[in-house]
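Visitor: So that you have it, the file is protein-v2.pdb, and it contains PDB, C-alpha atoms:
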```
ATOM      1  CA  MET D  92     -27.402 -24.818  -7.013
ATOM      2  CA  ALA D  93     -23.724 -24.278  -6.338
ATOM      3  CA  ARG D  94     -22.366 -20.767  -6.258
ATOM      4  CA  LYS D  95     -19.789 -19.619  -8.748
ATOM      5  CA  PRO D  96     -16.409 -18.919  -7.217
ATOM      6  CA  THR D  97     -15.746 -15.203  -6.940
ATOM      7  CA  ALA D  98     -12.539 -13.611  -8.106
ATOM      8  CA  ARG D  99     -10.196 -13.008  -5.218
ATOM      9  CA  THR D 100      -7.860 -10.102  -5.115
ATOM     10  CA  GLU D 101      -4.478 -10.963  -3.668
ATOM     11  CA  PHE D 102      -2.760  -8.340  -1.554
ATOM     12  CA  VAL D 103       0.807  -7.825  -0.449
ATOM     13  CA  MET D 104       1.377  -6.109   2.886
ATOM     14  CA  PHE D 105       3.984  -3.362   3.270
ATOM     15  CA  ASP D 106       5.565  -1.503   6.196
ATOM     16  CA  ILE D 107       5.995   2.207   5.525
ATOM     17  CA  VAL D 108       8.396   4.589   7.286
ATOM     18  CA  TYR D 109       7.738   8.290   6.796
ATOM     19  CA  GLU D 110      10.224  11.193   6.819
ATOM     20  CA  ASP D 111       9.020  12.298  10.270
ATOM     21  CA  GLY D 112       9.969   8.868  11.684
ATOM     22  CA  SER D 113       6.432   7.524  12.036
ATOM     23  CA  GLN D 114       5.638   4.034  10.767
ATOM     24  CA  ARG D 115       2.548   2.349   9.369
ATOM     25  CA  SER D 116       2.464  -1.426   9.135
ATOM     26  CA  ASN D 117       0.479  -3.805   6.966
ATOM     27  CA  ARG D 118      -0.586  -1.403   4.216
ATOM     28  CA  LYS D 119      -2.319  -3.407   1.469
ATOM     29  CA  VAL D 120      -1.232  -3.199  -2.164
ATOM     30  CA  ASP D 121      -2.854  -5.216  -4.937
ATOM     31  CA  ALA D 122      -0.429  -8.006  -5.896
ATOM     32  CA  SER D 123      -1.213  -7.582  -9.594
ATOM     33  CA  LEU D 124       0.628  -4.222  -9.518
ATOM     34  CA  LEU D 125       3.864  -5.828  -8.357
ATOM     35  CA  GLY D 126       6.518  -7.899 -10.053
ATOM     36  CA  GLY D 127       8.055  -7.572 -13.447
ATOM     37  CA  LEU D 128      11.026  -5.322 -14.077
ATOM     38  CA  ASP D 129       9.883  -2.698 -11.545
ATOM     39  CA  GLY D 130       9.650  -5.163  -8.639
ATOM     40  CA  ASP D 131       7.982  -3.495  -5.637
ATOM     41  CA  GLU D 132       8.412   0.095  -6.911
ATOM     42  CA  PRO D 133       4.755   0.346  -8.093
ATOM     43  CA  ALA D 134       3.766  -0.161  -4.445
ATOM     44  CA  ARG D 135       5.143   3.318  -3.657
ATOM     45  CA  ALA D 136       2.730   4.946  -6.125
ATOM     46  CA  ALA D 137      -0.209   2.899  -4.822
ATOM     47  CA  ILE D 138       0.573   3.802  -1.209
ATOM     48  CA  MET D 139       1.059   7.474  -2.109
ATOM     49  CA  GLU D 140      -2.412   7.403  -3.681
ATOM     50  CA  GLN D 141      -3.840   5.802  -0.516
ATOM     51  CA  ASP D 142      -2.145   8.520   1.562
ATOM     52  CA  ARG D 143      -3.581  11.240  -0.699
ATOM     53  CA  VAL D 144      -7.126   9.910  -0.225
ATOM     54  CA  ILE D 145      -6.619   9.632   3.543
ATOM     55  CA  SER D 146      -5.233  13.176   3.747
ATOM     56  CA  GLU D 147      -8.202  14.571   1.807
ATOM     57  CA  LYS D 148     -10.599  12.956   4.263
ATOM     58  CA  SER D 149      -8.638  14.028   7.339
ATOM     59  CA  GLY D 150      -7.760  17.530   6.132
ATOM     60  CA  MET D 151      -4.084  16.999   6.959
ATOM     61  CA  PRO D 152      -1.294  17.023   4.348
ATOM     62  CA  PRO D 153       0.182  13.623   3.382
ATOM     63  CA  LEU D 154       3.569  12.674   4.813
ATOM     64  CA  GLU D 155       6.599  12.027   2.619
ATOM     65  CA  ILE D 156       7.558   8.348   2.403
ATOM     66  CA  LYS D 157      11.108   7.530   3.490
ATOM     67  CA  SER D 158      11.125   3.768   2.887
ATOM     68  CA  ILE D 159       8.890   0.868   1.935
ATOM     69  CA  LYS D 160       9.472  -2.820   2.584
ATOM     70  CA  ARG D 161       7.312  -5.895   2.524
ATOM     71  CA  SER D 162       5.880  -6.849   5.891
ATOM     72  CA  GLY D 163       7.550  -9.850   7.475
ATOM     73  CA  LYS D 164      10.860  -9.433   5.660
TER      74      LYS D 164
END
```
Could you quickly redo this structure as structure tokens?
Guide:
Amino acid sequence: MARKPTARTEFVMFDIVYEDGSQRSNRKVDASLLGGLDGDEPARAAIMEQDRVISEKSGMPPLEIKSIKRSGK
């Protein structure tokens, strides 16, 4: 019997530059959050949430985001 196709989640990759000058590349954001009137601005909130989770696990405070742009642009 053939398998049913599973739903795929599309991601958009972003490069993040933090206030301290450090950079993280290829951060994944769910593509369904993007577009519309806000464009890529919802990506900032999603990445800030990812940073919050990472900082809780590492015990270090999250860094302030200076800029966000799509990877490869």
Visitor: Pick out the residues sitting within 12 Å of D:Gln141, and hand them over as a compact mmCIF listing (two decimals) with C-alpha atoms, in the frame of the given file; count only C-alpha atoms, and ignore anything fewer than 2 positions along from it in its own chain.
Guide:
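Result written to selection-v3.txt:
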```txt
# COMPACT_ATOMS: atom_id res chain seq x y z
CA ARG D 118 -0.59 -1.40 4.22
CA LYS D 119 -2.32 -3.41 1.47
CA VAL D 120 -1.23 -3.20 -2.16
CA ASP D 121 -2.85 -5.22 -4.94
CA ALA D 134 3.77 -0.16 -4.44
CA ARG D 135 5.14 3.32 -3.66
CA ALA D 136 2.73 4.95 -6.12
CA ALA D 137 -0.21 2.90 -4.82
CA ILE D 138 0.57 3.80 -1.21
CA MET D 139 1.06 7.47 -2.11
CA ARG D 143 -3.58 11.24 -0.70
CA VAL D 144 -7.13 9.91 -0.22
CA ILE D 145 -6.62 9.63 3.54
CA SER D 146 -5.23 13.18 3.75
CA GLU D 147 -8.20 14.57 1.81
CA LYS D 148 -10.60 12.96 4.26
CA PRO D 153 0.18 13.62 3.38
CA LEU D 154 3.57 12.67 4.81
```
Visitor: Name every residue that the PyMOL selection byres ((chain D and resi 160) around 9) selects in this structure, writing the answer as a PDB file with C-alpha atoms, in the coordinates of the input with chains first and numbers rising.
Guide:
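What ended up in selection16.pdb:
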```pdb
ATOM      1  CA  MET D 104       1.377  -6.109   2.886  1.00  0.00           C
ATOM      2  CA  PHE D 105       3.984  -3.362   3.270  1.00  0.00           C
ATOM      3  CA  ASP D 106       5.565  -1.503   6.196  1.00  0.00           C
ATOM      4  CA  ILE D 107       5.995   2.207   5.525  1.00  0.00           C
ATOM      5  CA  VAL D 108       8.396   4.589   7.286  1.00  0.00           C
ATOM      6  CA  ASP D 131       7.982  -3.495  -5.637  1.00  0.00           C
ATOM      7  CA  SER D 158      11.125   3.768   2.887  1.00  0.00           C
ATOM      8  CA  ILE D 159       8.890   0.868   1.935  1.00  0.00           C
ATOM      9  CA  ARG D 161       7.312  -5.895   2.524  1.00  0.00           C
ATOM     10  CA  SER D 162       5.880  -6.849   5.891  1.00  0.00           C
ATOM     11  CA  GLY D 163       7.550  -9.850   7.475  1.00  0.00           C
ATOM     12  CA  LYS D 164      10.860  -9.433   5.660  1.00  0.00           C
TER      13      LYS D 164
END
```
Visitor: Which value, in Å to one decimal, gives the distance between atom CA of D:Asn117 and atom CA of D:Ser149?
Guide: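 Going from atom CA of D:Asn117 over to atom CA of D:Ser149 covers 20.0 Å.
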Visitor: Would you kindly translate the PyMOL selection byres ((chain D and resi 111) around 10) into the concrete residues it picks from this file, as a VMD selection string?
Guide: chain D and resid 108 to 110 112 to 114 154 to 157
Visitor: Could you please determine the separation between atom CA of D:Leu128 and atom CA of D:Asp142 in Å, to one decimal place?
Guide: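 Computing the Euclidean distance for atom CA of D:Leu128 and atom CA of D:Asp142 yields 24.7 Å.
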Visitor: Here's the selection I'm unsure about, the PyMOL selection byres ((chain D and resi 122) around 8); applied to the file above, which residues does it give, as a ChimeraX atom specification?
Guide: /D:100-103,120-121,123-125
Visitor: Mind completing stretch 119-145 of chain D with N, CA, C and O atoms? Output as an mmCIF file, in the coordinates of the input, please?
Guide:
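Below you can see selection_22.cif, which holds the result:
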```cif
data_model
loop_
_atom_site.group_PDB
_atom_site.id
_atom_site.type_symbol
_atom_site.label_atom_id
_atom_site.label_comp_id
_atom_site.auth_asym_id
_atom_site.auth_seq_id
_atom_site.Cartn_x
_atom_site.Cartn_y
_atom_site.Cartn_z
ATOM 1 N N LYS D 119 -1.996 -2.477 2.556
ATOM 2 C CA LYS D 119 -2.319 -3.407 1.469
ATOM 3 C C LYS D 119 -2.056 -2.778 0.106
ATOM 4 O O LYS D 119 -2.431 -1.641 -0.146
ATOM 5 N N VAL D 120 -1.438 -3.580 -0.770
ATOM 6 C CA VAL D 120 -1.232 -3.199 -2.164
ATOM 7 C C VAL D 120 -1.637 -4.406 -3.008
ATOM 8 O O VAL D 120 -1.254 -5.540 -2.705
ATOM 9 N N ASP D 121 -2.403 -4.151 -4.042
ATOM 10 C CA ASP D 121 -2.854 -5.216 -4.937
ATOM 11 C C ASP D 121 -1.643 -5.911 -5.559
ATOM 12 O O ASP D 121 -0.777 -5.274 -6.147
ATOM 13 N N ALA D 122 -1.576 -7.225 -5.420
ATOM 14 C CA ALA D 122 -0.429 -8.006 -5.896
ATOM 15 C C ALA D 122 -0.259 -7.931 -7.409
ATOM 16 O O ALA D 122 0.856 -8.078 -7.907
ATOM 17 N N SER D 123 -1.322 -7.651 -8.134
ATOM 18 C CA SER D 123 -1.213 -7.582 -9.594
ATOM 19 C C SER D 123 -0.381 -6.384 -10.052
ATOM 20 O O SER D 123 0.097 -6.358 -11.182
ATOM 21 N N LEU D 124 -0.190 -5.390 -9.178
ATOM 22 C CA LEU D 124 0.628 -4.222 -9.518
ATOM 23 C C LEU D 124 2.119 -4.515 -9.418
ATOM 24 O O LEU D 124 2.933 -3.796 -9.975
ATOM 25 N N LEU D 125 2.464 -5.563 -8.688
ATOM 26 C CA LEU D 125 3.864 -5.828 -8.357
ATOM 27 C C LEU D 125 4.477 -6.862 -9.282
ATOM 28 O O LEU D 125 3.783 -7.593 -9.968
ATOM 29 N N GLY D 126 5.803 -6.925 -9.247
ATOM 30 C CA GLY D 126 6.518 -7.899 -10.053
ATOM 31 C C GLY D 126 7.057 -7.271 -11.321
ATOM 32 O O GLY D 126 7.070 -6.059 -11.483
ATOM 33 N N GLY D 127 7.499 -8.075 -12.200
ATOM 34 C CA GLY D 127 8.055 -7.572 -13.447
ATOM 35 C C GLY D 127 9.374 -6.865 -13.226
ATOM 36 O O GLY D 127 10.055 -7.073 -12.225
ATOM 37 N N LEU D 128 9.747 -6.018 -14.148
ATOM 38 C CA LEU D 128 11.026 -5.322 -14.077
ATOM 39 C C LEU D 128 11.081 -4.292 -12.954
ATOM 40 O O LEU D 128 12.146 -3.982 -12.444
ATOM 41 N N ASP D 129 9.920 -3.736 -12.578
ATOM 42 C CA ASP D 129 9.883 -2.698 -11.545
ATOM 43 C C ASP D 129 9.880 -3.256 -10.128
ATOM 44 O O ASP D 129 10.029 -2.502 -9.176
ATOM 45 N N GLY D 130 9.667 -4.559 -9.964
ATOM 46 C CA GLY D 130 9.650 -5.163 -8.639
ATOM 47 C C GLY D 130 8.563 -4.566 -7.765
ATOM 48 O O GLY D 130 7.402 -4.531 -8.151
ATOM 49 N N ASP D 131 8.942 -4.069 -6.583
ATOM 50 C CA ASP D 131 7.982 -3.495 -5.637
ATOM 51 C C ASP D 131 7.821 -1.986 -5.791
ATOM 52 O O ASP D 131 7.080 -1.369 -5.033
ATOM 53 N N GLU D 132 8.492 -1.363 -6.751
ATOM 54 C CA GLU D 132 8.412 0.095 -6.911
ATOM 55 C C GLU D 132 6.990 0.594 -7.178
ATOM 56 O O GLU D 132 6.619 1.652 -6.675
ATOM 57 N N PRO D 133 6.133 -0.127 -7.922
ATOM 58 C CA PRO D 133 4.755 0.346 -8.093
ATOM 59 C C PRO D 133 3.977 0.446 -6.775
ATOM 60 O O PRO D 133 2.988 1.168 -6.700
ATOM 61 N N ALA D 134 4.432 -0.251 -5.744
ATOM 62 C CA ALA D 134 3.766 -0.161 -4.445
ATOM 63 C C ALA D 134 3.863 1.256 -3.894
ATOM 64 O O ALA D 134 2.929 1.742 -3.247
ATOM 65 N N ARG D 135 4.968 1.939 -4.143
ATOM 66 C CA ARG D 135 5.143 3.318 -3.657
ATOM 67 C C ARG D 135 4.043 4.217 -4.216
ATOM 68 O O ARG D 135 3.424 4.977 -3.478
ATOM 69 N N ALA D 136 3.770 4.118 -5.510
ATOM 70 C CA ALA D 136 2.730 4.946 -6.125
ATOM 71 C C ALA D 136 1.352 4.601 -5.559
ATOM 72 O O ALA D 136 0.546 5.504 -5.299
ATOM 73 N N ALA D 137 1.085 3.313 -5.361
ATOM 74 C CA ALA D 137 -0.209 2.899 -4.822
ATOM 75 C C ALA D 137 -0.389 3.409 -3.392
ATOM 76 O O ALA D 137 -1.467 3.890 -3.030
ATOM 77 N N ILE D 138 0.662 3.348 -2.595
ATOM 78 C CA ILE D 138 0.573 3.802 -1.209
ATOM 79 C C ILE D 138 0.476 5.323 -1.152
ATOM 80 O O ILE D 138 -0.260 5.882 -0.327
ATOM 81 N N MET D 139 1.175 6.013 -2.056
ATOM 82 C CA MET D 139 1.059 7.474 -2.109
ATOM 83 C C MET D 139 -0.369 7.883 -2.454
ATOM 84 O O MET D 139 -0.896 8.851 -1.902
ATOM 85 N N GLU D 140 -1.019 7.130 -3.343
ATOM 86 C CA GLU D 140 -2.412 7.403 -3.681
ATOM 87 C C GLU D 140 -3.317 7.151 -2.475
ATOM 88 O O GLU D 140 -4.227 7.931 -2.202
ATOM 89 N N GLN D 141 -3.072 6.071 -1.737
ATOM 90 C CA GLN D 141 -3.840 5.802 -0.516
ATOM 91 C C GLN D 141 -3.664 6.948 0.484
ATOM 92 O O GLN D 141 -4.637 7.410 1.086
ATOM 93 N N ASP D 142 -2.423 7.413 0.645
ATOM 94 C CA ASP D 142 -2.145 8.520 1.562
ATOM 95 C C ASP D 142 -2.854 9.797 1.131
ATOM 96 O O ASP D 142 -3.346 10.559 1.962
ATOM 97 N N ARG D 143 -2.909 10.048 -0.191
ATOM 98 C CA ARG D 143 -3.581 11.240 -0.699
ATOM 99 C C ARG D 143 -5.071 11.208 -0.350
ATOM 100 O O ARG D 143 -5.629 12.201 0.122
ATOM 101 N N VAL D 144 -5.700 10.060 -0.542
ATOM 102 C CA VAL D 144 -7.126 9.910 -0.225
ATOM 103 C C VAL D 144 -7.357 10.100 1.275
ATOM 104 O O VAL D 144 -8.283 10.804 1.693
ATOM 105 N N ILE D 145 -6.494 9.501 2.087
ATOM 106 C CA ILE D 145 -6.619 9.632 3.543
ATOM 107 C C ILE D 145 -6.447 11.085 3.961
ATOM 108 O O ILE D 145 -7.186 11.597 4.806
#
```
